[in-house]
$ cat coords31.txt   # compact mmCIF, C-alpha atoms
# COMPACT_ATOMS: atom_id res chain seq x y z
CA MET O 221 84.51 181.69 -2.59
CA CYS O 222 86.02 184.56 -4.57
CA GLN O 223 88.03 183.88 -7.70
CA LEU O 224 91.66 184.87 -8.31
CA LEU O 225 93.56 185.19 -11.59
CA GLY O 226 97.20 186.15 -12.03
CA MET O 227 99.67 186.26 -14.90
CA ASN O 228 103.45 186.60 -14.92
CA CYS O 229 105.45 186.65 -18.17
CA ASN O 230 108.92 187.11 -19.58
CA THR O 231 107.62 189.41 -22.32
CA PRO O 232 104.57 191.72 -22.25
CA THR O 233 101.51 189.59 -23.02
CA ASP O 234 97.77 190.20 -23.12
CA ILE O 235 95.39 188.22 -20.92
CA CYS O 236 92.32 188.40 -23.18
CA PHE O 237 91.92 184.62 -23.57
CA SER O 238 92.17 183.80 -19.86
CA PHE O 239 90.04 186.78 -18.90
CA ALA O 240 87.25 185.65 -21.23
CA GLY O 241 86.86 182.48 -19.17
CA PHE O 242 87.44 184.26 -15.87
CA GLN O 243 84.82 186.92 -16.64
CA ALA O 244 82.14 184.24 -17.07
CA ARG O 245 82.66 183.10 -13.48
CA GLY O 246 81.33 186.42 -12.26
CA GLY O 247 77.63 185.56 -12.41
CA LEU O 248 77.36 183.35 -15.50
CA THR O 249 79.03 180.02 -14.74
CA ASP O 250 79.42 180.72 -11.02
CA VAL O 251 77.73 182.80 -8.33
CA HIS O 252 80.33 185.49 -7.75
CA GLY O 253 78.35 188.61 -8.63
CA ASP O 254 79.62 191.19 -6.12
CA GLY O 255 82.14 193.02 -8.26
CA TRP O 256 85.39 192.42 -10.07
CA GLY O 257 88.66 194.13 -10.85
CA ILE O 258 91.91 193.74 -12.76
CA ALA O 259 95.30 195.46 -12.58
CA PHE O 260 97.92 195.57 -15.34
CA PHE O 261 101.48 196.64 -14.55
CA GLU O 262 103.03 198.82 -17.25
CA GLY O 263 106.60 199.72 -16.32
CA ARG O 264 106.33 201.38 -12.90
CA GLY O 265 102.70 202.30 -13.49
CA VAL O 266 99.52 200.31 -12.99
CA ARG O 267 96.35 200.40 -15.07
CA VAL O 268 93.41 199.36 -12.84
CA PHE O 269 89.81 198.61 -13.80
CA LEU O 270 87.23 198.10 -11.02
CA ASP O 271 83.47 197.60 -11.10
CA PRO O 272 81.12 196.60 -8.25
CA ALA O 273 78.79 195.02 -10.83
CA ALA O 274 78.96 191.34 -11.80
CA SER O 275 81.69 190.81 -14.40
CA CYS O 276 79.37 188.85 -16.74
CA ARG O 277 77.17 191.96 -17.07
CA SER O 278 79.85 194.65 -16.82
CA PRO O 279 80.54 196.86 -19.86
CA VAL O 280 83.94 197.58 -18.29
CA ALA O 281 84.70 193.86 -18.27
CA GLU O 282 83.72 193.65 -21.94
CA LEU O 283 86.13 196.50 -22.66
CA VAL O 284 88.97 194.67 -20.88
CA ARG O 285 88.12 191.42 -22.67
CA GLN O 286 88.42 193.10 -26.06
CA TYR O 287 91.36 195.37 -25.18
CA PRO O 288 94.73 193.57 -25.62
CA ILE O 289 96.71 195.32 -22.88
CA ARG O 290 100.18 193.80 -22.75
CA SER O 291 101.74 193.40 -19.33
CA LEU O 292 104.40 191.42 -17.47
CA ASN O 293 102.24 191.04 -14.36
CA VAL O 294 98.45 191.01 -14.02
CA ILE O 295 96.18 190.41 -11.01
CA ALA O 296 92.39 189.99 -11.31
CA HIS O 297 89.64 189.19 -8.82
CA ILE O 298 85.95 188.31 -8.86
CA ARG O 299 84.22 189.00 -5.56
CA LYS O 300 81.71 187.11 -3.47
CA ALA O 301 81.19 189.49 -0.55
CA THR O 302 81.67 188.17 2.99
CA ARG O 303 82.68 191.39 4.76
CA GLY O 304 82.00 194.89 3.49
CA ILE O 305 79.07 195.97 1.36
CA VAL O 306 79.07 195.66 -2.42
CA LYS O 307 80.66 198.96 -3.32
CA LEU O 308 83.59 200.26 -5.35
CA GLU O 309 85.89 200.80 -2.37
CA ASN O 310 85.52 197.14 -1.41
CA THR O 311 86.37 195.84 -4.88
CA HIS O 312 89.69 194.03 -5.38
CA PRO O 313 92.47 194.29 -6.36
CA PHE O 314 93.78 196.94 -3.95
CA GLN O 315 96.72 199.20 -4.74
CA ARG O 316 99.27 201.03 -2.54
CA GLU O 317 102.78 202.49 -2.89
CA LEU O 318 105.73 201.00 -1.01
CA TRP O 319 109.44 201.74 -1.55
CA GLY O 320 108.67 203.81 -4.64
CA ARG O 321 106.67 201.09 -6.37
CA TYR O 322 102.99 200.27 -6.65
CA TRP O 323 101.90 197.04 -5.00
CA VAL O 324 98.69 195.26 -5.98
CA PHE O 325 96.87 192.66 -3.87
CA ALA O 326 93.79 190.43 -4.18
CA HIS O 327 92.50 187.97 -1.61
CA ASN O 328 90.19 184.98 -1.61
CA GLY O 329 88.80 183.76 1.70
CA HIS O 330 87.52 185.07 5.03
CA LEU O 331 89.56 186.23 8.02
CA GLY O 332 87.56 185.96 11.22
CA GLU O 333 88.33 188.40 14.05
CA PHE O 334 91.23 189.91 12.11
CA ASP O 335 91.65 193.50 13.27
CA PRO O 336 95.35 194.23 13.80
CA PRO O 337 96.35 197.70 14.99
CA LEU O 338 97.73 199.82 12.16
CA ARG O 339 100.23 202.62 12.69
CA GLY O 340 98.72 204.73 9.93
CA ASP O 341 101.16 204.41 7.04
CA PHE O 342 98.57 202.30 5.25
CA ARG O 343 94.88 202.58 6.06
CA PRO O 344 91.91 200.69 4.63
CA VAL O 345 89.51 202.77 2.56
CA GLY O 346 86.77 200.13 2.53
CA GLN O 347 85.49 197.66 5.07
CA THR O 348 86.97 194.34 3.88
CA ASP O 349 89.24 192.09 5.90
CA SER O 350 91.21 191.72 2.64
CA GLU O 351 92.23 195.37 2.41
CA ARG O 352 93.10 195.43 6.14
CA ALA O 353 95.34 192.39 5.64
CA PHE O 354 97.04 194.13 2.71
CA CYS O 355 97.66 197.26 4.77
CA PHE O 356 98.97 195.15 7.65
CA MET O 357 101.39 193.33 5.38
CA LEU O 358 102.75 196.50 3.75
CA GLU O 359 103.11 198.24 7.10
CA SER O 360 104.99 195.24 8.46
CA LEU O 361 107.29 195.15 5.43
CA ARG O 362 108.06 198.86 5.72
CA THR O 363 108.83 198.47 9.42
CA ARG O 364 111.09 195.49 8.79
CA PHE O 365 112.92 197.07 5.84
CA PRO O 366 112.91 200.85 6.49
CA ASP O 367 115.76 201.53 4.05
CA GLY O 368 114.01 200.14 1.00
CA GLU O 369 113.13 196.93 -0.78
CA PRO O 370 115.39 194.02 0.24
CA ALA O 371 116.83 191.32 -1.98
CA ARG O 372 114.17 188.95 -3.25
CA PRO O 373 115.00 186.00 -0.92
CA ALA O 374 114.64 188.25 2.14
CA LEU O 375 111.42 189.71 0.76
CA PHE O 376 110.04 186.24 0.07
CA ALA O 377 110.89 185.11 3.60
CA ALA O 378 109.15 188.13 5.10
CA ILE O 379 106.00 187.68 3.01
CA ARG O 380 105.96 183.98 3.92
CA GLU O 381 106.09 184.84 7.63
CA LEU O 382 103.28 187.39 7.25
CA ALA O 383 101.16 184.95 5.24
CA THR O 384 101.62 182.38 7.99
CA ALA O 385 100.60 184.84 10.70
CA VAL O 386 97.51 186.13 8.88
CA SER O 387 96.47 182.58 7.95
CA ALA O 388 95.92 181.86 11.64
CA HIS O 389 92.73 183.95 11.30
CA GLY O 390 91.16 182.07 8.38
CA GLU O 391 91.40 181.35 4.67
CA PHE O 392 94.12 183.47 3.10
CA ASN O 393 94.63 182.73 -0.59
CA PHE O 394 96.16 185.79 -2.23
CA LEU O 395 98.06 187.22 -5.18
CA LEU O 396 100.56 190.04 -4.65
CA SER O 397 102.84 191.89 -7.07
CA ASN O 398 105.00 195.00 -7.33
CA GLY O 399 105.37 194.67 -11.08
CA THR O 400 108.68 192.78 -11.00
CA CYS O 401 107.34 189.38 -9.92
CA LEU O 402 104.20 187.64 -8.68
CA PHE O 403 103.64 186.09 -5.24
CA ALA O 404 100.89 183.48 -4.96
CA HIS O 405 99.85 182.17 -1.56
CA CYS O 406 97.70 179.06 -1.41
CA ALA O 407 95.85 178.42 1.83
CA SER O 408 93.28 176.06 0.32
CA ARG O 409 93.02 176.19 -3.47
CA LEU O 410 95.12 177.63 -6.31
CA SER O 411 96.52 176.11 -9.51
CA TYR O 412 98.97 177.30 -12.14
CA ILE O 413 100.19 176.51 -15.62
CA VAL O 414 103.33 177.58 -17.48
CA ARG O 415 102.88 177.98 -21.23
CA GLN O 416 106.05 177.86 -23.30
CA ALA O 417 107.33 176.34 -26.53
CA PRO O 418 106.15 174.15 -28.12
CA PHE O 419 102.85 176.01 -27.84
CA ALA O 420 99.53 174.29 -28.53
CA GLN O 421 95.80 174.93 -28.53
CA ALA O 422 93.76 175.54 -25.38
CA HIS O 423 90.01 175.52 -24.75
CA LEU O 424 88.26 177.43 -21.96
CA LYS O 425 86.06 175.64 -19.42
CA ASP O 426 83.66 178.54 -18.95
CA GLN O 427 83.33 179.71 -22.58
CA ASP O 428 83.40 177.78 -25.83
CA ILE O 429 86.58 179.52 -26.98
CA THR O 430 89.73 177.89 -28.33
CA VAL O 431 93.00 179.61 -29.11
CA ASP O 432 96.14 178.32 -30.83
CA PHE O 433 99.01 179.88 -28.89
CA SER O 434 101.52 178.86 -31.57
CA GLU O 435 99.95 181.51 -33.80
CA LEU O 436 100.22 184.25 -31.18
CA THR O 437 103.65 183.69 -29.63
CA THR O 438 107.35 183.48 -30.40
CA PRO O 439 109.51 180.50 -29.36
CA GLY O 440 111.09 182.43 -26.49
CA ASP O 441 107.82 183.46 -24.83
CA ARG O 442 106.90 182.04 -21.44
CA VAL O 443 103.72 182.79 -19.50
CA ALA O 444 102.62 181.59 -16.07
CA VAL O 445 98.90 181.79 -15.25
CA VAL O 446 97.57 181.28 -11.71
CA ALA O 447 93.87 180.77 -10.98
CA THR O 448 91.63 179.58 -8.17
CA THR O 449 90.61 176.67 -10.38
CA PRO O 450 91.92 175.77 -13.88
CA LEU O 451 90.54 177.91 -16.69
CA THR O 452 91.00 175.35 -19.47
CA ASP O 453 89.86 171.75 -19.87
CA ASP O 454 92.54 170.43 -22.22
CA GLU O 455 95.74 171.50 -20.46
CA VAL O 456 97.53 170.12 -17.40
CA TRP O 457 97.39 172.56 -14.49
CA THR O 458 99.49 172.08 -11.37
CA PRO O 459 97.75 172.46 -7.99
CA ILE O 460 99.67 174.58 -5.50
CA ALA O 461 100.06 172.79 -2.18
CA PRO O 462 97.79 174.29 0.50
CA GLY O 463 99.91 176.11 3.05
CA SER O 464 102.62 177.34 0.68
CA LEU O 465 103.88 180.51 -0.96
CA MET O 466 105.11 180.55 -4.57
CA LEU O 467 107.11 183.14 -6.47
CA PHE O 468 106.84 183.60 -10.25
CA VAL O 469 109.52 185.45 -12.20
CA ASP O 470 109.76 185.80 -15.99
CA GLY O 471 106.88 183.39 -16.51
CA ALA O 472 108.07 180.51 -14.31
CA PRO O 473 108.20 179.45 -10.65
CA GLU O 474 111.39 180.49 -8.89
CA ALA O 475 112.72 178.94 -5.69
CA ALA O 476 113.39 181.64 -3.09
CA GLY O 477 113.66 179.72 0.17
CA GLU O 478 111.38 177.93 2.60
CA ALA O 479 107.83 178.05 1.18
CA SER O 480 105.59 176.46 3.83
CA THR O 481 102.97 178.57 5.60
CA ARG O 482 99.65 177.48 7.13
CA ALA O 483 96.99 175.51 5.26
CA PHE O 484 93.31 176.29 5.76
CA ILE O 485 91.19 173.35 6.89
CA ARG O 486 87.43 173.64 6.66
CA THR O 487 85.73 172.56 9.86
CA GLU O 488 82.05 173.03 9.00
CA SER O 489 80.10 169.81 8.55
CA VAL O 490 78.52 168.93 5.21
CA VAL O 491 74.85 167.89 5.24
CA ALA O 492 73.89 165.46 2.51
$ encode --input "coords31.txt" --output "structure tokens"
Amino acid sequence: MCQLLGMNCNTPTDICFSFAGFQARGGLTDVHGDGWGIAFFEGRGVRVFLDPAASCRSPVAELVRQYPIRSLNVIAHIRKATRGIVKLENTHPFQRELWGRYWVFAHNGHLGEFDPPLRGDFRPVGQTDSERAFCFMLESLRTRFPDGEPARPALFAAIRELATAVSAHGEFNFLLSNGTCLFAHCASRLSYIVRQAPFAQAHLKDQDITVDFSELTTPGDRVAVVATTPLTDDEVWTPIAPGSLMLFVDGAPEAAGEASTRAFIRTESVVA
């Protein structure tokens, strides 16, 4: 199972602490050694780092860990390959332009027999079902809203419908952002935490690192972090209900309409 990490804030914030724990899951504390990537939105631009090497051994990952890039929206991914060889073009997150903005997408799961016809506006570069799903979603959004980006409730409803449709083909946990907000779809497993005043200490599960957020923040700061599984062992994370889409704006969940999609239910038997 791949690993997802997202951050949405009300003021530009670095993700160094969370990424330190996340990086370890790429071959050190977990088996996901087939590449990693991270995207930072900066205004209308995106700074993307990708490496098909395991994140625990990647010099690029060490650079990101030590480089306090401040962003309002961040998406990161650690890959365990199920479709597509281990190569740079198959490394998440993926990036495309739609309605004059960059969109970034990362997926966790496997979509069996998912090969929708694509008109050609968005084409996969690699061989993953993840990138094809991303292209399908963007093409569908452009077709539905040819005159430009709709109001956020309409956009949320459209993404919810697409997530429901794609989820019929398998496990479809994903993070999606255009730099103004963060969409998080949980098919099977995602959790989130909102950090805001009064800030306290936090300790990573995957690294023996503790940080005191009260020393690094101002009282008005608010940061939402989404991850496949909680990154810290001394904070309360909220599981996202399987089969639901969430929207994060300015560091907090925001209601935008009906949220239910399709949950993924594992059918394989477990041998003791």
$ closest_atom_pairs --input "coords31.txt" --of "stretch 344-411 of chain O" --to "stretch 308-311 of chain O" --cutoff "9 Å" --atoms "all atoms listed in the file" --output "Markdown table"
| residue | atom | partner | partner_atom | distance |
| --- | --- | --- | --- | --- |
| O:Val345 | CA | O:Glu309 | CA | 6.4 |
| O:Gly346 | CA | O:Glu309 | CA | 5.0 |
| O:Gln347 | CA | O:Asn310 | CA | 6.5 |
| O:Thr348 | CA | O:Asn310 | CA | 6.2 |
| O:Ser350 | CA | O:Asn310 | CA | 8.8 |
| O:Glu351 | CA | O:Asn310 | CA | 7.9 |
$ residues_around --input "coords31.txt" --residues "O:Ala296" --least-positions-apart "3" --cutoff "9 Å" --atoms "all atoms listed in the file" --output "list in words"
Gln223, Leu224, Leu225, Gly226, Met227, Phe239, Phe242, Trp256, Gly257, Ile258, Ala259, Phe260, His312, Pro313, Ala326 and Leu395 of chain O
$ write_last_selection --input "coords31.txt" --atoms "C-alpha atoms" --output "mmCIF file, in the coordinates of the input"
data_model
loop_
_atom_site.group_PDB
_atom_site.id
_atom_site.type_symbol
_atom_site.label_atom_id
_atom_site.label_comp_id
_atom_site.auth_asym_id
_atom_site.auth_seq_id
_atom_site.Cartn_x
_atom_site.Cartn_y
_atom_site.Cartn_z
ATOM 1 C CA GLN O 223 88.030 183.880 -7.700
ATOM 2 C CA LEU O 224 91.660 184.870 -8.310
ATOM 3 C CA LEU O 225 93.560 185.190 -11.590
ATOM 4 C CA GLY O 226 97.200 186.150 -12.030
ATOM 5 C CA MET O 227 99.670 186.260 -14.900
ATOM 6 C CA PHE O 239 90.040 186.780 -18.900
ATOM 7 C CA PHE O 242 87.440 184.260 -15.870
ATOM 8 C CA TRP O 256 85.390 192.420 -10.070
ATOM 9 C CA GLY O 257 88.660 194.130 -10.850
ATOM 10 C CA ILE O 258 91.910 193.740 -12.760
ATOM 11 C CA ALA O 259 95.300 195.460 -12.580
ATOM 12 C CA PHE O 260 97.920 195.570 -15.340
ATOM 13 C CA HIS O 312 89.690 194.030 -5.380
ATOM 14 C CA PRO O 313 92.470 194.290 -6.360
ATOM 15 C CA ALA O 326 93.790 190.430 -4.180
ATOM 16 C CA LEU O 395 98.060 187.220 -5.180
#
$ residues_around --input "coords31.txt" --residues "O:Glu333" --least-positions-apart "3" --cutoff "10 Å" --atoms "only C-alpha atoms" --output "ChimeraX atom specification"
/O:330,336,349,389-390
$ residues_near_point --input "coords31.txt" --point "(96.8, 169.0, -16.7)" --cutoff "12 Å" --atoms "all atoms listed in the file" --output "VMD selection string"
chain O and resid 411 to 415 422 449 to 459
$ atom_distance --input "coords31.txt" --atom1 "atom CA of O:Gly332" --atom2 "atom CA of O:Met466"
24.2 Å
$ residues_around --input "coords31.txt" --residues "O:Ser480" --least-positions-apart "6" --cutoff "12 Å" --atoms "all atoms listed in the file" --output "list in words"
Phe376, Ala377, Ile379, Arg380, Glu381, Leu382, Ala383, Thr384, Ala385, Ser387, His405, Cys406, Ala407, Ile460, Ala461, Pro462, Gly463, Ser464, Leu465 and Met466 of chain O
$ closest_residue --input "coords31.txt" --among "O:Thr363, O:Gln416, O:Ser408, O:Ser397" --to "O:Pro439" --atoms "all atoms listed in the file"
O:Gln416
$ decode --input "coords31.txt" --residues "stretch 304-318 of chain O" --atoms "all heavy atoms" --output "JSON list (two decimals), in the first residue's frame"
[["chain", "number", "residue", "atom", "x", "y", "z"],
["O", 304, "GLY", "N", 3.03, -0.45, -13.68],
["O", 304, "GLY", "CA", 4.04, 0.47, -14.17],
["O", 304, "GLY", "C", 5.37, 0.21, -13.50],
["O", 304, "GLY", "O", 5.44, 0.03, -12.28],
["O", 305, "ILE", "N", 6.43, 0.18, -14.29],
["O", 305, "ILE", "CA", 7.75, -0.12, -13.74],
["O", 305, "ILE", "C", 8.23, 1.01, -12.85],
["O", 305, "ILE", "O", 7.68, 2.11, -12.86],
["O", 305, "ILE", "CB", 8.76, -0.38, -14.88],
["O", 305, "ILE", "CG1", 8.87, 0.86, -15.79],
["O", 305, "ILE", "CG2", 8.36, -1.60, -15.69],
["O", 305, "ILE", "CD1", 9.91, 0.73, -16.88],
["O", 306, "VAL", "N", 9.27, 0.73, -12.07],
["O", 306, "VAL", "CA", 9.84, 1.73, -11.18],
["O", 306, "VAL", "C", 10.69, 2.67, -12.03],
["O", 306, "VAL", "O", 11.82, 2.34, -12.42],
["O", 306, "VAL", "CB", 10.68, 1.08, -10.07],
["O", 306, "VAL", "CG1", 11.30, 2.14, -9.18],
["O", 306, "VAL", "CG2", 9.81, 0.14, -9.25],
["O", 307, "LYS", "N", 10.14, 3.82, -12.33],
["O", 307, "LYS", "CA", 10.78, 4.77, -13.21],
["O", 307, "LYS", "C", 10.24, 6.16, -12.92],
["O", 307, "LYS", "O", 9.14, 6.30, -12.36],
["O", 307, "LYS", "CB", 10.53, 4.39, -14.68],
["O", 307, "LYS", "CG", 11.65, 4.73, -15.63],
["O", 307, "LYS", "CD", 11.46, 4.04, -16.97],
["O", 307, "LYS", "CE", 12.66, 4.34, -17.88],
["O", 307, "LYS", "NZ", 12.50, 3.68, -19.21],
["O", 308, "LEU", "N", 10.97, 7.18, -13.33],
["O", 308, "LEU", "CA", 10.59, 8.55, -12.97],
["O", 308, "LEU", "C", 9.20, 8.91, -13.46],
["O", 308, "LEU", "O", 8.42, 9.55, -12.73],
["O", 308, "LEU", "CB", 11.62, 9.54, -13.53],
["O", 308, "LEU", "CG", 11.49, 10.99, -13.06],
["O", 308, "LEU", "CD1", 11.67, 11.10, -11.56],
["O", 308, "LEU", "CD2", 12.50, 11.88, -13.78],
["O", 309, "GLU", "N", 8.82, 8.50, -14.67],
["O", 309, "GLU", "CA", 7.53, 8.91, -15.20],
["O", 309, "GLU", "C", 6.36, 8.27, -14.47],
["O", 309, "GLU", "O", 5.21, 8.71, -14.61],
["O", 309, "GLU", "CB", 7.42, 8.61, -16.70],
["O", 309, "GLU", "CG", 7.47, 7.13, -17.05],
["O", 309, "GLU", "CD", 8.83, 6.70, -17.54],
["O", 309, "GLU", "OE1", 9.84, 7.27, -17.06],
["O", 309, "GLU", "OE2", 8.90, 5.81, -18.41],
["O", 310, "ASN", "N", 6.62, 7.24, -13.67],
["O", 310, "ASN", "CA", 5.56, 6.60, -12.90],
["O", 310, "ASN", "C", 5.54, 7.04, -11.44],
["O", 310, "ASN", "O", 4.81, 6.46, -10.63],
["O", 310, "ASN", "CB", 5.72, 5.08, -12.98],
["O", 310, "ASN", "CG", 5.43, 4.53, -14.36],
["O", 310, "ASN", "OD1", 4.55, 5.03, -15.06],
["O", 310, "ASN", "ND2", 6.19, 3.53, -14.79],
["O", 311, "THR", "N", 6.33, 8.05, -11.12],
["O", 311, "THR", "CA", 6.45, 8.51, -9.74],
["O", 311, "THR", "C", 5.44, 9.62, -9.45],
["O", 311, "THR", "O", 5.35, 10.60, -10.19],
["O", 311, "THR", "CB", 7.89, 9.01, -9.49],
["O", 311, "THR", "OG1", 8.82, 7.99, -9.84],
["O", 311, "THR", "CG2", 8.09, 9.38, -8.04],
["O", 312, "HIS", "N", 4.67, 9.46, -8.40],
["O", 312, "HIS", "CA", 3.70, 10.47, -7.97],
["O", 312, "HIS", "C", 4.43, 11.56, -7.16],
["O", 312, "HIS", "O", 5.49, 11.29, -6.59],
["O", 312, "HIS", "CB", 2.65, 9.87, -7.05],
["O", 312, "HIS", "CG", 1.97, 8.64, -7.56],
["O", 312, "HIS", "ND1", 0.63, 8.40, -7.38],
["O", 312, "HIS", "CD2", 2.44, 7.54, -8.20],
["O", 312, "HIS", "CE1", 0.30, 7.22, -7.87],
["O", 312, "HIS", "NE2", 1.40, 6.67, -8.37],
["O", 313, "PRO", "N", 3.81, 12.73, -7.00],
["O", 313, "PRO", "CA", 2.53, 13.16, -7.55],
["O", 313, "PRO", "C", 2.65, 13.60, -9.01],
["O", 313, "PRO", "O", 3.73, 13.97, -9.47],
["O", 313, "PRO", "CB", 2.12, 14.33, -6.65],
["O", 313, "PRO", "CG", 3.42, 14.89, -6.16],
["O", 313, "PRO", "CD", 4.35, 13.72, -6.04],
["O", 314, "PHE", "N", 1.50, 13.56, -9.70],
["O", 314, "PHE", "CA", 1.42, 13.96, -11.10],
["O", 314, "PHE", "C", 0.89, 15.39, -11.18],
["O", 314, "PHE", "O", 0.13, 15.83, -10.32],
["O", 314, "PHE", "CB", 0.52, 13.01, -11.89],
["O", 314, "PHE", "CG", 0.99, 11.59, -11.82],
["O", 314, "PHE", "CD1", 0.33, 10.65, -11.02],
["O", 314, "PHE", "CD2", 2.11, 11.17, -12.53],
["O", 314, "PHE", "CE1", 0.76, 9.33, -10.95],
["O", 314, "PHE", "CE2", 2.55, 9.85, -12.46],
["O", 314, "PHE", "CZ", 1.88, 8.93, -11.67],
["O", 315, "GLN", "N", 1.26, 16.08, -12.24],
["O", 315, "GLN", "CA", 0.92, 17.50, -12.37],
["O", 315, "GLN", "C", 0.40, 17.79, -13.78],
["O", 315, "GLN", "O", 0.96, 17.32, -14.77],
["O", 315, "GLN", "CB", 2.17, 18.36, -12.10],
["O", 315, "GLN", "CG", 1.99, 19.86, -12.33],
["O", 315, "GLN", "CD", 3.31, 20.61, -12.18],
["O", 315, "GLN", "OE1", 4.29, 20.07, -11.70],
["O", 315, "GLN", "NE2", 3.33, 21.85, -12.62],
["O", 316, "ARG", "N", -0.70, 18.55, -13.87],
["O", 316, "ARG", "CA", -1.26, 19.00, -15.14],
["O", 316, "ARG", "C", -1.85, 20.40, -14.96],
["O", 316, "ARG", "O", -2.12, 20.82, -13.84],
["O", 316, "ARG", "CB", -2.38, 18.07, -15.64],
["O", 316, "ARG", "CG", -1.97, 16.66, -15.99],
["O", 316, "ARG", "CD", -1.09, 16.57, -17.23],
["O", 316, "ARG", "NE", -0.98, 15.21, -17.71],
["O", 316, "ARG", "CZ", -0.15, 14.28, -17.20],
["O", 316, "ARG", "NH1", 0.61, 14.59, -16.16],
["O", 316, "ARG", "NH2", -0.10, 13.07, -17.72],
["O", 317, "GLU", "N", -2.09, 21.08, -16.07],
["O", 317, "GLU", "CA", -2.76, 22.39, -16.04],
["O", 317, "GLU", "C", -4.21, 22.24, -16.41],
["O", 317, "GLU", "O", -4.56, 21.51, -17.35],
["O", 317, "GLU", "CB", -2.08, 23.35, -17.03],
["O", 317, "GLU", "CG", -2.75, 24.72, -17.14],
["O", 317, "GLU", "CD", -3.91, 24.76, -18.13],
["O", 317, "GLU", "OE1", -3.89, 23.97, -19.11],
["O", 317, "GLU", "OE2", -4.86, 25.55, -17.91],
["O", 318, "LEU", "N", -5.10, 22.91, -15.68],
["O", 318, "LEU", "CA", -6.52, 22.97, -15.99],
["O", 318, "LEU", "C", -7.06, 24.32, -15.56],
["O", 318, "LEU", "O", -6.82, 24.75, -14.43],
["O", 318, "LEU", "CB", -7.28, 21.84, -15.26],
["O", 318, "LEU", "CG", -8.80, 21.86, -15.38],
["O", 318, "LEU", "CD1", -9.24, 21.65, -16.82],
["O", 318, "LEU", "CD2", -9.44, 20.80, -14.47]]
